[in-house]
>>> print(open('protein-v3.cif').read())   # mmCIF, C-alpha atoms
data_data
#
loop_
_atom_site.label_atom_id
_atom_site.label_comp_id
_atom_site.auth_asym_id
_atom_site.auth_seq_id
_atom_site.Cartn_x
_atom_site.Cartn_y
_atom_site.Cartn_z
CA MET L 1 5.47 -0.20 -15.66
CA ARG L 2 5.85 -3.92 -15.08
CA VAL L 3 4.68 -4.60 -11.52
CA CYS L 4 5.21 -7.62 -9.29
CA LEU L 5 2.61 -8.16 -6.55
CA ALA L 6 4.32 -10.07 -3.72
CA GLN L 7 1.49 -11.62 -1.70
CA ILE L 8 3.66 -13.13 1.03
CA LYS L 9 3.08 -14.73 4.44
CA PRO L 10 5.43 -12.84 6.81
CA PHE L 11 6.88 -14.49 9.90
CA LEU L 12 5.54 -12.71 12.96
CA GLY L 13 8.29 -10.71 14.64
CA ASP L 14 11.13 -12.42 12.73
CA THR L 15 12.73 -9.68 10.64
CA ALA L 16 15.65 -11.91 9.62
CA LYS L 17 13.39 -14.53 8.01
CA ASN L 18 11.24 -11.83 6.47
CA LEU L 19 14.30 -10.16 4.97
CA GLU L 20 15.25 -13.47 3.35
CA LEU L 21 11.71 -13.74 1.99
CA HIS L 22 11.95 -10.24 0.55
CA GLU L 23 15.28 -11.02 -1.05
CA GLU L 24 13.86 -14.16 -2.69
CA CYS L 25 10.86 -12.29 -4.09
CA ILE L 26 12.97 -9.40 -5.31
CA GLU L 27 15.37 -11.80 -7.04
CA GLN L 28 12.44 -13.47 -8.79
CA ALA L 29 10.92 -10.14 -9.83
CA VAL L 30 14.24 -8.92 -11.22
CA ALA L 31 14.57 -12.16 -13.20
CA GLU L 32 11.09 -11.46 -14.62
CA LYS L 33 12.29 -7.99 -15.65
CA CYS L 34 9.81 -6.19 -13.38
CA ASP L 35 10.15 -2.46 -12.73
CA VAL L 36 8.48 -2.39 -9.31
CA ILE L 37 7.74 -4.97 -6.61
CA VAL L 38 5.08 -4.27 -3.97
CA PHE L 39 4.94 -6.07 -0.61
CA PRO L 40 2.07 -6.03 1.92
CA GLU L 41 1.72 -3.80 4.98
CA LEU L 42 4.33 -4.47 7.71
CA SER L 43 5.96 -7.00 5.40
CA LEU L 44 9.24 -7.04 7.35
CA THR L 45 7.62 -7.70 10.74
CA GLY L 46 4.18 -9.28 10.51
CA TYR L 47 1.01 -7.68 11.82
CA TYR L 48 -0.18 -8.80 15.30
CA LEU L 49 2.92 -7.56 17.11
CA MET L 50 1.15 -5.85 20.01
CA ASP L 51 3.65 -5.41 22.87
CA TYR L 52 6.52 -6.48 20.58
CA VAL L 53 6.18 -3.37 18.43
CA ASN L 54 9.12 -1.64 20.14
CA ASP L 55 11.25 -4.81 19.90
CA VAL L 56 11.05 -5.00 16.10
CA ALA L 57 11.05 -1.26 15.42
CA MET L 58 13.71 -0.03 13.01
CA LYS L 59 15.14 3.21 11.76
CA THR L 60 16.07 3.80 8.16
CA ASP L 61 19.70 2.93 8.87
CA ASP L 62 18.80 -0.55 10.21
CA LYS L 63 20.61 -3.29 8.29
CA ALA L 64 17.38 -4.93 7.05
CA VAL L 65 16.00 -1.65 5.73
CA LYS L 66 19.34 -0.70 4.21
CA ARG L 67 19.58 -4.11 2.54
CA ILE L 68 16.25 -3.70 0.78
CA ILE L 69 17.14 -0.15 -0.22
CA SER L 70 20.37 -1.46 -1.74
CA LEU L 71 18.40 -4.03 -3.75
CA SER L 72 16.33 -1.23 -5.26
CA LYS L 73 19.19 -0.42 -7.61
CA ASP L 74 17.74 -3.15 -9.86
CA ILE L 75 14.02 -2.72 -9.12
CA SER L 76 11.87 -0.21 -7.25
CA VAL L 77 10.57 -1.67 -3.97
CA VAL L 78 7.50 -0.89 -1.85
CA PHE L 79 7.78 -2.52 1.60
CA GLY L 80 6.54 -2.06 5.15
CA PHE L 81 7.98 -2.12 8.65
CA VAL L 82 7.71 -0.59 12.12
CA TYR L 83 9.58 2.70 12.14
CA GLU L 84 10.97 4.34 15.27
CA GLY L 85 10.96 8.08 14.72
CA GLU L 86 13.34 10.63 16.14
CA ASP L 87 10.56 11.34 18.65
CA ASN L 88 10.89 7.73 19.94
CA LEU L 89 7.37 6.99 18.78
CA PHE L 90 6.56 3.95 16.68
CA TYR L 91 4.86 4.15 13.30
CA ASN L 92 3.37 1.69 10.84
CA VAL L 93 5.18 2.79 7.68
CA CYS L 94 5.54 1.97 4.03
CA ALA L 95 8.75 2.80 2.18
CA TYR L 96 9.44 3.37 -1.50
CA ALA L 97 13.03 2.68 -2.54
CA GLU L 98 14.41 3.26 -6.02
CA LYS L 99 17.87 3.29 -7.62
CA GLY L 100 19.52 2.39 -4.34
CA ARG L 101 17.98 5.17 -2.25
CA LEU L 102 14.98 5.74 -0.02
CA VAL L 103 12.60 7.98 -1.96
CA HIS L 104 9.62 8.24 0.39
CA LEU L 105 8.41 7.03 3.79
CA HIS L 106 4.68 7.13 4.53
CA LYS L 107 3.40 6.90 8.10
CA LYS L 108 -0.05 5.31 8.36
CA VAL L 109 -2.60 7.97 9.27
CA TYR L 110 -5.80 6.04 9.93
CA LEU L 111 -5.07 3.42 12.61
CA PRO L 112 -8.06 1.08 13.10
CA ASP L 113 -9.04 0.55 16.71
CA TYR L 114 -12.27 -1.43 16.56
CA THR L 115 -13.41 -5.08 16.53
CA MET L 116 -10.19 -7.14 16.14
CA PHE L 117 -7.96 -4.13 15.49
CA GLU L 118 -5.80 -2.39 18.13
CA GLU L 119 -3.34 -0.39 16.03
CA ALA L 120 -4.00 2.91 17.77
CA ARG L 121 -2.94 1.30 21.05
CA TYR L 122 0.57 0.52 19.79
CA PHE L 123 1.33 2.97 16.99
CA ALA L 124 1.49 6.73 16.66
CA ALA L 125 -0.43 8.11 13.69
CA GLY L 126 0.98 9.93 10.71
CA ASN L 127 -0.49 13.32 9.89
CA GLY L 128 -0.63 13.62 6.12
CA PHE L 129 -0.37 12.25 2.61
CA SER L 130 2.19 13.04 -0.06
CA VAL L 131 2.90 12.42 -3.72
CA PHE L 132 6.49 11.72 -4.73
CA ASP L 133 8.32 11.58 -8.05
CA THR L 134 9.58 8.24 -9.34
CA ALA L 135 10.94 6.84 -12.58
CA PHE L 136 7.31 5.96 -13.36
CA GLY L 137 5.65 9.28 -12.65
CA LYS L 138 3.96 10.69 -9.56
CA CYS L 139 3.14 8.00 -7.01
CA GLY L 140 1.42 7.86 -3.66
CA MET L 141 1.14 5.24 -0.91
CA LEU L 142 -1.81 4.48 1.35
CA ILE L 143 -1.51 1.82 4.03
CA CYS L 144 -4.61 -0.35 4.28
CA GLU L 145 -7.34 1.70 6.03
CA ASP L 146 -5.80 4.95 4.75
CA ALA L 147 -7.30 4.03 1.38
CA LEU L 148 -10.82 3.75 2.79
CA HIS L 149 -11.03 7.42 3.80
CA LEU L 150 -12.09 10.17 1.42
CA SER L 151 -9.50 12.64 2.71
CA SER L 152 -6.58 10.46 1.64
CA ILE L 153 -7.65 9.75 -1.92
CA TYR L 154 -8.84 13.33 -2.39
CA VAL L 155 -5.55 14.83 -1.25
CA LEU L 156 -3.49 12.49 -3.43
CA SER L 157 -5.70 13.28 -6.40
CA ARG L 158 -5.31 17.04 -5.96
CA MET L 159 -1.54 16.53 -5.72
CA GLY L 160 -1.56 14.96 -9.17
CA VAL L 161 -0.98 11.31 -8.27
CA GLN L 162 -0.78 8.89 -11.19
CA THR L 163 -0.16 5.55 -9.46
CA VAL L 164 -1.39 4.55 -6.00
CA PHE L 165 0.17 1.69 -4.04
CA ILE L 166 -1.93 0.15 -1.24
CA PRO L 167 -0.09 -2.37 0.98
CA SER L 168 -2.63 -4.10 3.23
CA ASN L 169 -3.17 -6.53 6.10
CA SER L 170 -6.86 -7.25 5.67
CA PRO L 171 -8.15 -10.24 7.67
CA ALA L 172 -10.99 -12.47 6.48
CA ARG L 173 -14.13 -11.38 8.28
CA GLY L 174 -17.79 -11.34 7.35
CA VAL L 175 -19.60 -13.14 4.55
CA VAL L 176 -21.56 -11.63 1.66
CA GLY L 177 -23.33 -14.16 -0.54
CA ASP L 178 -20.71 -16.68 -1.58
CA GLY L 179 -17.75 -14.44 -0.77
CA LEU L 180 -15.98 -12.52 1.95
CA GLU L 181 -17.27 -9.14 3.07
CA ALA L 182 -13.71 -7.80 3.41
CA ALA L 183 -12.87 -8.88 -0.13
CA SER L 184 -16.04 -7.28 -1.48
CA ILE L 185 -15.28 -3.98 0.28
CA TRP L 186 -11.72 -3.82 -1.03
CA GLN L 187 -12.57 -4.84 -4.57
CA THR L 188 -15.30 -2.20 -4.72
CA SER L 189 -13.03 0.46 -3.18
CA ASN L 190 -10.08 -0.32 -5.45
CA LYS L 191 -12.12 -0.16 -8.65
CA TYR L 192 -13.85 3.02 -7.47
CA THR L 193 -10.58 4.75 -6.56
CA ALA L 194 -8.85 3.84 -9.82
CA SER L 195 -11.85 4.87 -11.90
CA LEU L 196 -12.76 8.08 -10.08
CA LEU L 197 -9.22 9.38 -9.64
CA THR L 198 -8.24 8.04 -13.07
CA VAL L 199 -5.08 6.47 -11.64
CA ASN L 200 -3.33 3.13 -11.87
CA LEU L 201 -3.71 1.24 -8.58
CA VAL L 202 -1.86 -1.67 -6.98
CA TYR L 203 -3.35 -3.36 -3.90
CA VAL L 204 -1.24 -6.02 -2.17
CA ASN L 205 -2.77 -7.88 0.76
CA ARG L 206 -0.91 -10.51 2.76
CA ALA L 207 -1.81 -14.17 3.21
CA GLY L 208 -1.25 -16.55 6.13
CA VAL L 209 -2.49 -16.87 9.71
CA GLU L 210 -1.44 -14.97 12.85
CA ASP L 211 -2.88 -15.57 16.30
CA GLY L 212 -5.78 -17.49 14.79
CA VAL L 213 -6.64 -14.74 12.30
CA ALA L 214 -6.51 -15.58 8.58
CA PHE L 215 -5.57 -12.97 5.99
CA TRP L 216 -7.40 -13.46 2.72
CA GLY L 217 -4.84 -12.29 0.15
CA GLY L 218 -6.64 -11.54 -3.10
CA SER L 219 -4.16 -8.85 -4.18
CA GLU L 220 -5.10 -7.02 -7.38
CA ALA L 221 -4.25 -4.16 -9.70
CA TYR L 222 -6.45 -1.81 -11.74
CA SER L 223 -5.75 0.45 -14.66
CA ALA L 224 -6.89 4.08 -14.64
CA LEU L 225 -9.73 2.92 -16.89
CA GLY L 226 -11.09 0.86 -13.99
CA LYS L 227 -10.11 -2.46 -15.56
CA ARG L 228 -8.81 -5.15 -13.24
CA LYS L 229 -5.45 -6.22 -14.64
CA ILE L 230 -4.67 -9.09 -12.26
CA GLN L 231 -6.11 -10.82 -9.21
CA LEU L 232 -4.16 -13.23 -7.00
CA PRO L 233 -5.72 -16.23 -5.23
CA GLN L 234 -7.21 -15.97 -1.77
CA PHE L 235 -5.62 -17.31 1.42
CA GLU L 236 -2.31 -18.45 -0.11
CA ALA L 237 1.04 -16.88 -0.79
CA ALA L 238 1.46 -15.98 -4.44
CA ILE L 239 3.43 -13.84 -6.85
CA GLY L 240 1.71 -12.03 -9.71
CA ILE L 241 3.00 -9.80 -12.49
CA THR L 242 1.12 -7.28 -14.58
CA GLU L 243 1.70 -4.28 -16.83
CA LEU L 244 0.32 -0.83 -16.01
CA GLU L 245 0.39 1.78 -18.77
CA THR L 246 0.82 5.53 -18.34
CA ALA L 247 -1.17 5.90 -21.56
CA ASP L 248 -4.24 4.53 -19.72
CA ILE L 249 -4.17 7.54 -17.39
CA ARG L 250 -4.26 9.96 -20.32
CA LEU L 251 -7.04 8.00 -22.02
CA ALA L 252 -9.09 7.77 -18.80
CA ARG L 253 -8.83 11.53 -18.23
CA ILE L 254 -10.04 12.19 -21.78
CA HIS L 255 -12.99 9.83 -21.47
CA SER L 256 -13.90 10.67 -17.86
CA PRO L 257 -12.71 14.20 -16.94
CA PHE L 258 -13.45 13.87 -13.22
CA TYR L 259 -9.94 15.01 -12.36
CA ARG L 260 -10.20 18.09 -14.57
CA ASP L 261 -13.67 19.13 -13.41
CA GLU L 262 -13.19 18.75 -9.65
CA LYS L 263 -13.96 22.02 -7.82
CA SER L 264 -11.72 22.01 -4.77
CA GLN L 265 -12.83 25.49 -3.79
CA ILE L 266 -16.20 24.11 -2.72
CA LEU L 267 -14.52 21.86 -0.16
CA LEU L 268 -12.12 24.61 0.89
CA ASP L 269 -15.01 27.02 1.52
CA TYR L 270 -16.79 24.36 3.57
CA LEU L 271 -13.77 23.66 5.73
CA LYS L 272 -13.19 27.39 6.26
CA GLY L 273 -16.78 27.77 7.40
CA ASP L 274 -17.82 29.80 4.35
CA LYS L 275 -20.57 27.34 3.37
CA LYS L 276 -23.94 28.82 2.48
#
>>> encode(input="protein-v3.cif", output="structure tokens")
Amino acid sequence: MRVCLAQIKPFLGDTAKNLELHEECIEQAVAEKCDVIVFPELSLTGYYLMDYVNDVAMKTDDKAVKRIISLSKDISVVFGFVYEGEDNLFYNVCAYAEKGRLVHLHKKVYLPDYTMFEEARYFAAGNGFSVFDTAFGKCGMLICEDALHLSSIYVLSRMGVQTVFIPSNSPARGVVGDGLEAASIWQTSNKYTASLLTVNLVYVNRAGVEDGVAFWGGSEAYSALGKRKIQLPQFEAAIGITELETADIRLARIHSPFYRDEKSQILLDYLKGDKK
């Protein structure tokens, strides 16, 4: 799977400009013969929307969403937007489109509501995680903080996920040594998840500044062997391309049989109250 990491700087609240940006990146990725292109969280809208969430919300038949889906006839596309459900609630979602159709829509489950984050104030939360079939095997999507919770990666693993896409809007905050605390957390988490679940992993974080907050970029991808395949620069828009091999998943599961040896019944007994 040849993957394009589209570390863009979305225009806050301007879906028309963001659609043009998506089209440009997709055109470039197709020219580079990529199989999949992955955009950051809320790539069609920007992040700090606050009271404008309902103004930029879209359904799957919105022209911008339909346009990107139509472009997926040439390349699979992972992109984000604000989704208005049939319940008239608004969700932070990530879509996977392939061969000209919408394959999967994931609603963000874990909405941060601490320090600089106020997502739970404006969005409704999703209630689960799913694995879906693609031309490149079983895939799963986790939106930013979703990936930092054990329940999400555990559920995807038990569902047989092979590739995990993580679109993110991680701001630069905190310093550890000579680097950013946020970058250190994500790099550690991404390597851990890829290695422990023995899955290929693609993490795409946005760049740019919104409302005085800088997003650090640093998008990266890991093989199922825990090897970093690519890392994009921090704080600037960039496009990166890498190859992820299905064979690495097989090799990782031979060398490190964590997936095979996991005893889900222990967790099930605990949750049912049968712990001893």
>>> resolve_selection(input="protein-v3.cif", expression="the PyMOL selection byres ((chain L and resi 193) around 12)", output="short mmCIF file (atom, residue, chain, number, x, y, z; two decimals) with C-alpha atoms, keeping the file's coordinate frame")
data_model
loop_
_atom_site.label_atom_id
_atom_site.label_comp_id
_atom_site.auth_asym_id
_atom_site.auth_seq_id
_atom_site.Cartn_x
_atom_site.Cartn_y
_atom_site.Cartn_z
CA LEU L 142 -1.81 4.48 1.35
CA ALA L 147 -7.30 4.03 1.38
CA LEU L 148 -10.82 3.75 2.79
CA HIS L 149 -11.03 7.42 3.80
CA LEU L 150 -12.09 10.17 1.42
CA SER L 152 -6.58 10.46 1.64
CA ILE L 153 -7.65 9.75 -1.92
CA TYR L 154 -8.84 13.33 -2.39
CA LEU L 156 -3.49 12.49 -3.43
CA SER L 157 -5.70 13.28 -6.40
CA VAL L 161 -0.98 11.31 -8.27
CA GLN L 162 -0.78 8.89 -11.19
CA THR L 163 -0.16 5.55 -9.46
CA VAL L 164 -1.39 4.55 -6.00
CA PHE L 165 0.17 1.69 -4.04
CA ILE L 166 -1.93 0.15 -1.24
CA TRP L 186 -11.72 -3.82 -1.03
CA GLN L 187 -12.57 -4.84 -4.57
CA THR L 188 -15.30 -2.20 -4.72
CA SER L 189 -13.03 0.46 -3.18
CA ASN L 190 -10.08 -0.32 -5.45
CA LYS L 191 -12.12 -0.16 -8.65
CA TYR L 192 -13.85 3.02 -7.47
CA ALA L 194 -8.85 3.84 -9.82
CA SER L 195 -11.85 4.87 -11.90
CA LEU L 196 -12.76 8.08 -10.08
CA LEU L 197 -9.22 9.38 -9.64
CA THR L 198 -8.24 8.04 -13.07
CA VAL L 199 -5.08 6.47 -11.64
CA ASN L 200 -3.33 3.13 -11.87
CA LEU L 201 -3.71 1.24 -8.58
CA VAL L 202 -1.86 -1.67 -6.98
CA TYR L 203 -3.35 -3.36 -3.90
CA ALA L 221 -4.25 -4.16 -9.70
CA TYR L 222 -6.45 -1.81 -11.74
CA SER L 223 -5.75 0.45 -14.66
CA ALA L 224 -6.89 4.08 -14.64
CA LEU L 225 -9.73 2.92 -16.89
CA GLY L 226 -11.09 0.86 -13.99
CA LYS L 227 -10.11 -2.46 -15.56
CA PHE L 258 -13.45 13.87 -13.22
CA TYR L 259 -9.94 15.01 -12.36
#
>>> closest_residue(input="protein-v3.cif", among="L:Leu111, L:Cys144, L:Val82, L:Met116", to="Ile185 of chain L", atoms="all atoms listed in the file")
L:Cys144
>>> resolve_selection(input="protein-v3.cif", expression="the PyMOL selection byres ((chain L and resi 53-59) around 8)", output="number ranges by chain")
L: 13, 15, 45, 49-52, 60-62, 65, 81-85, 90, 122
>>> resolve_selection(input="protein-v3.cif", expression="the PyMOL selection byres ((chain L and resi 215) around 8)", output="VMD selection string")
chain L and resid 169 to 172 205 to 209 213 to 214 216 to 217 235
>>> closest_atom_pairs(input="protein-v3.cif", of="segment 78-102 of chain L", to="segment 107-110 of chain L", cutoff="7 Å", atoms="all atoms listed in the file", output="CSV")
residue,atom,partner,partner_atom,distance
L:Tyr91,CA,L:Lys107,CA,6.1
L:Asn92,CA,L:Lys108,CA,5.6
L:Val93,CA,L:Lys107,CA,4.5
L:Cys94,CA,L:Lys107,CA,6.7
>>> atom_distance(input="protein-v3.cif", atom1="atom CA of Ala237 of chain L", atom2="atom CA of Gly218 of chain L")
9.6 Å
>>> closest_residue(input="protein-v3.cif", among="L:Glu181, L:Pro233, L:Tyr48, L:Ile26", to="Leu12 of chain L", atoms="all atoms listed in the file")
L:Tyr48
>>> residues_around(input="protein-v3.cif", residues="segment 18-21 of chain L", least_positions_apart="3", cutoff="7 Å", atoms="only C-alpha atoms", output="PDB file with C-alpha atoms, in the coordinates of the input")
ATOM      1  CA  PRO L  10       5.430 -12.840   6.810  1.00  0.00           C
ATOM      2  CA  PHE L  11       6.880 -14.490   9.900  1.00  0.00           C
ATOM      3  CA  ASP L  14      11.130 -12.420  12.730  1.00  0.00           C
ATOM      4  CA  THR L  15      12.730  -9.680  10.640  1.00  0.00           C
ATOM      5  CA  GLU L  24      13.860 -14.160  -2.690  1.00  0.00           C
ATOM      6  CA  CYS L  25      10.860 -12.290  -4.090  1.00  0.00           C
ATOM      7  CA  LEU L  44       9.240  -7.040   7.350  1.00  0.00           C
ATOM      8  CA  THR L  45       7.620  -7.700  10.740  1.00  0.00           C
ATOM      9  CA  ALA L  64      17.380  -4.930   7.050  1.00  0.00           C
TER      10      ALA L  64
END
>>> atom_distance(input="protein-v3.cif", atom1="atom CA of Gln7 of chain L", atom2="atom CA of Ala29 of chain L")
12.5 Å
>>> closest_residue(input="protein-v3.cif", among="L:Gly174, L:Ala182, L:Arg121, L:Lys263", to="Glu145 of chain L", atoms="all atoms listed in the file")
L:Ala182
>>> atom_distance(input="protein-v3.cif", atom1="atom CA of His104 of chain L", atom2="atom CA of Ser130 of chain L")
8.9 Å
>>> axis_aligned_box(input="protein-v3.cif", around="segment 105-120 of chain L", padding_each_side="6 Å", output="lines of an AutoDock Vina configuration file")
center_x = -2.5
center_y = 0.4
center_z = 11.0
size_x = 33.8
size_y = 27.1
size_z = 26.3
>>> closest_residue(input="protein-v3.cif", among="L:Ile254, L:Ala183, L:Leu89, L:Ile75", to="Leu232 of chain L", atoms="all atoms listed in the file")
L:Ala183
>>> closest_residue(input="protein-v3.cif", among="L:Ser219, L:Gln234, L:Thr242, L:Thr134", to="Gly179 of chain L", atoms="all atoms listed in the file")
L:Gln234
>>> closest_residue(input="protein-v3.cif", among="L:Arg158, L:Lys229, L:Lys272, L:Lys99", to="Leu5 of chain L", atoms="all atoms listed in the file")
L:Lys229
>>> decode(input="protein-v3.cif", residues="segment 162-190 of chain L", atoms="C-alpha atoms", output="PDB file, in the first residue's frame")
ATOM      1  CA  GLN L 162      -4.489  -4.719   9.972  1.00  0.00           C
ATOM      2  CA  THR L 163      -4.039  -0.996   9.276  1.00  0.00           C
ATOM      3  CA  VAL L 164      -4.980   1.860  11.610  1.00  0.00           C
ATOM      4  CA  PHE L 165      -5.455   5.427  10.376  1.00  0.00           C
ATOM      5  CA  ILE L 166      -5.204   8.212  12.976  1.00  0.00           C
ATOM      6  CA  PRO L 167      -6.182  11.700  11.733  1.00  0.00           C
ATOM      7  CA  SER L 168      -5.249  14.252  14.383  1.00  0.00           C
ATOM      8  CA  ASN L 169      -5.391  17.905  15.458  1.00  0.00           C
ATOM      9  CA  SER L 170      -2.715  17.910  18.136  1.00  0.00           C
ATOM     10  CA  PRO L 171      -1.589  21.381  19.262  1.00  0.00           C
ATOM     11  CA  ALA L 172       1.939  22.147  20.426  1.00  0.00           C
ATOM     12  CA  ARG L 173       1.908  22.197  24.211  1.00  0.00           C
ATOM     13  CA  GLY L 174       4.460  21.306  26.854  1.00  0.00           C
ATOM     14  CA  VAL L 175       8.201  20.812  26.540  1.00  0.00           C
ATOM     15  CA  VAL L 176      10.233  17.683  27.286  1.00  0.00           C
ATOM     16  CA  GLY L 177      13.984  18.126  27.005  1.00  0.00           C
ATOM     17  CA  ASP L 178      14.622  19.623  23.595  1.00  0.00           C
ATOM     18  CA  GLY L 179      11.254  18.619  22.150  1.00  0.00           C
ATOM     19  CA  LEU L 180       7.513  18.975  22.491  1.00  0.00           C
ATOM     20  CA  GLU L 181       5.629  16.956  25.080  1.00  0.00           C
ATOM     21  CA  ALA L 182       2.730  16.404  22.651  1.00  0.00           C
ATOM     22  CA  ALA L 183       5.095  15.082  19.990  1.00  0.00           C
ATOM     23  CA  SER L 184       6.766  12.760  22.485  1.00  0.00           C
ATOM     24  CA  ILE L 185       3.407  11.353  23.636  1.00  0.00           C
ATOM     25  CA  TRP L 186       2.200  10.683  20.098  1.00  0.00           C
ATOM     26  CA  GLN L 187       5.451   9.185  18.873  1.00  0.00           C
ATOM     27  CA  THR L 188       5.546   6.840  21.856  1.00  0.00           C
ATOM     28  CA  SER L 189       1.869   5.918  21.452  1.00  0.00           C
ATOM     29  CA  ASN L 190       2.116   5.321  17.709  1.00  0.00           C
TER      30      ASN L 190
END
